[in-house]
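Novice: Would you mind keeping the following structure in view while I ask a few things?
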Amino acid sequence: MSRRQSSKHQYHRQVTSNVFIHDFNISDYHFKIKDRIGVITDYHKKSSESILRWNTTGITIIGISNVSGNDSTHLNTPWDVILDYQNSLYIADRNNHRIQKYLVDSLSGTTVAGQANGTSGSTLSYLQNPSRILVDVNGDMYITDTGNHRILSWSHGASSGVISAGTGIAGSSNNQFSTPYGIVRDLNSDKLYIADYSNNRIMLYLNGASSGTVIAGDNGSGTNKTQLKTPVGLYFDSLSNSLVIATHGASNIVQWVVGETSWTLLAGSINGTAGNTSTLLNGVVDITFDPMGNMYVADRNNHRIQLFMVGESTGITIAGITGISGDNATLLNKPWSVRLDSQLNLYVADANNHRIQKFLRY
């Protein structure tokens with residue numbers, strides 16, 4: 001059964017690397033969130049509307065608005081932002097070819113992968129246009145090294161990575177990628193799923209394997225239900241054993257159950273039509289979910305973050321203004337990543353403004 005259509009009223013599940021849900025009851029939106037250091041927040045509301053409200057004025061917590069650079073206080077086109085169990089932020093600083101780590105409330109970052117001076121390269125101590133990051137509780141990372149067509153595992157404190165998937169050369173064989181983006185991990189089986197953008201497919205890699213298996217797509221670029229069109233964002237739902245995929249080229253969000261041969265539509269046009277209405281999307285690149293199963297979408301070319309409540313195909317704009325790009329506190333310019341913390345505050349990698357924006361829930 002679909003994550004978005006689940007009839008389960010109570011369950012325990014991991015939502016992100018640092019957030020756990022306890023005692024969730026969908027009928028009245030009662031749930032508790034427990035983070036890895038044991039802090040529990042209890043929500044008990046009759047309506048999700050009283051929970052899901054954000055200040056539409058963002059706070060720049062990392063970077064300087066509309067100013068790129070390669071020192072420790074600047075970013076250059078960030079494409080991903082994630083939080084670890086201590087609420088430190090990791091940033092895929094794309095055009096600086098590095099991964100930056102920021103401690104809570106710090107304005108200065110530390111380079112934890114790649115070169116601090118922003119130099120790109122193809123050896124194992126360099127990155128080229130990294131786009132996605134996974135971090136575990138030990139600080140070990142998986143990095144989508146997009147420009148080098150590979151996935152690197154990078155141990156905490158290491159000065160170089162190890163190739164976990166791909167060869168470093170673009171191609172369409174099962175041991176190759178062509179412009180990989182999204183990466184998710186099934187923590188129960190230690191499987192990696194990778195969005196292979198230019199090959200229009202999702203690849204599955206078992207732990208230690210040198211070659212992957214096509215798990216979705218690979219039927220040419222297209223919009224029918226057996227095809228994908230330049231997939232970017234990925235989310236793995238362990239409850240339904242399915243992948244939620246942001247198909248950039250089709251401007252929609254689809255769900256693909258592992259082992260099935262086709263997808264079902266969650267948001268956007270089934271025909272791949274781009275638009276800027278509440279039911280359409282344009283160039284989507286990322287998705288995440290909250291504990292109640294509501295979906296958050298980085299609608300890149302519309303410069304907004306859309307919220308889709310469970311079972312709904314009409315989105316609500318919660319950050320940015322539809323179709324308007326800019327660098328003030330209420331606008332976004334090509335948002336590439338969207339995340340939630342344990343208090344449901346919203347974090348956005350505002351790529352073309354070279355900053356990370358935080359939108360406070362109230």
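Following the order of the structure tokens, first chain is A, next is B, and so on, with residues numbered from 1 inside each chain and ligands from 1 in the order they appear.
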List as a PyMOL selection string the protein and nucleic acid residues near A:Thr273, meaning an atom at most 12 Å away when only C-alpha atoms are counted, but skip any in the same chain fewer than 5 places from it.
Specialist: chain A and resi 222-223+247-252+267-268+279-284
Novice: Taking 3 positions as the minimum chain separation for residues in the same chain, which residues sit within 10 Å of A:Trp54 when counting only C-alpha atoms? Answer as a CSV table (one decimal) with N, CA and C atoms, in the first residue's frame.
Specialist:
```csv
chain,number,residue,atom,x,y,z
A,51,ILE,N,-0.5,22.8,13.0
A,51,ILE,CA,0.9,22.3,13.1
A,51,ILE,C,1.7,22.9,11.9
A,57,THR,N,8.9,34.5,5.7
A,57,THR,CA,10.1,35.2,5.6
A,57,THR,C,11.3,34.3,6.1
A,58,GLY,N,12.2,34.0,5.2
A,58,GLY,CA,13.3,33.1,5.5
A,58,GLY,C,14.4,33.8,6.2
A,318,ILE,N,4.5,27.1,0.5
A,318,ILE,CA,4.9,27.5,1.9
A,318,ILE,C,6.2,28.3,1.9
A,319,ALA,N,6.9,28.4,0.8
A,319,ALA,CA,8.2,29.2,0.8
A,319,ALA,C,8.4,29.6,-0.7
A,344,LEU,N,10.1,20.4,12.7
A,344,LEU,CA,9.5,20.7,11.4
A,344,LEU,C,9.8,22.0,10.9
A,345,ASN,N,10.9,22.6,11.3
A,345,ASN,CA,11.4,23.8,10.6
A,345,ASN,C,11.9,23.4,9.2
A,346,LEU,N,11.8,24.3,8.3
A,346,LEU,CA,12.1,24.0,6.9
A,346,LEU,C,13.4,24.6,6.5
A,358,LYS,N,16.3,29.2,6.2
A,358,LYS,CA,15.5,28.4,7.2
A,358,LYS,C,14.2,29.2,7.4
A,359,PHE,N,13.1,28.4,7.3
A,359,PHE,CA,11.7,28.9,7.5
A,359,PHE,C,11.2,28.3,8.8
A,360,LEU,N,10.9,29.1,9.8
A,360,LEU,CA,10.5,28.6,11.1
A,360,LEU,C,9.1,28.2,11.1
A,361,ARG,N,8.8,27.1,11.7
A,361,ARG,CA,7.4,26.7,11.9
A,361,ARG,C,6.9,27.4,13.2
A,362,TYR,N,5.6,27.7,13.1
A,362,TYR,CA,5.1,28.4,14.3
A,362,TYR,C,3.6,27.9,14.6
```
Novice: Need the shell around A:Ser325: protein/DNA/RNA residues with any atom at most 12 Å away, counting only C-alpha atoms. Skip same-chain ones fewer than 2 positions apart. Format as a list in words?
Specialist: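 Returned residues: Asn66, Arg300, Asn301, Asn302, His303, Arg304, Ala319, Gly320, Ile321, Thr322, Gly323, Asp327, Asn328, Ala329, Thr330, Leu331, Leu332, Asn333, Lys334, Pro335, Asp350, Ala351, Asn352 and Asn353 of chain A.
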Novice: Could those residues be written to a file, using C-alpha atoms, as a compact mmCIF listing (two decimals), in the first residue's frame?
Specialist:
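Output saved as again-v3.txt:
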```txt
# COMPACT_ATOMS: atom_id res chain seq x y z
CA ASN A 66 23.32 36.49 -4.03
CA ARG A 300 12.78 24.51 -8.85
CA ASN A 301 11.69 26.41 -11.92
CA ASN A 302 8.71 27.91 -10.10
CA HIS A 303 11.05 29.15 -7.34
CA ARG A 304 8.90 27.71 -4.57
CA ALA A 319 8.15 29.17 0.78
CA GLY A 320 8.92 31.45 -2.13
CA ILE A 321 6.47 33.14 -4.48
CA THR A 322 5.27 31.26 -7.55
CA GLY A 323 7.14 32.21 -10.70
CA ASP A 327 17.16 37.33 -3.26
CA ASN A 328 15.08 38.99 -0.55
CA ALA A 329 13.90 37.05 2.49
CA THR A 330 10.57 36.01 0.95
CA LEU A 331 11.91 34.84 -2.42
CA LEU A 332 13.91 31.91 -3.73
CA ASN A 333 15.99 31.42 -6.86
CA LYS A 334 16.09 27.81 -8.10
CA PRO A 335 15.66 25.86 -4.83
CA ASP A 350 18.50 28.28 -2.40
CA ALA A 351 20.99 27.47 -5.12
CA ASN A 352 21.19 30.54 -7.32
CA ASN A 353 21.19 32.82 -4.28
```
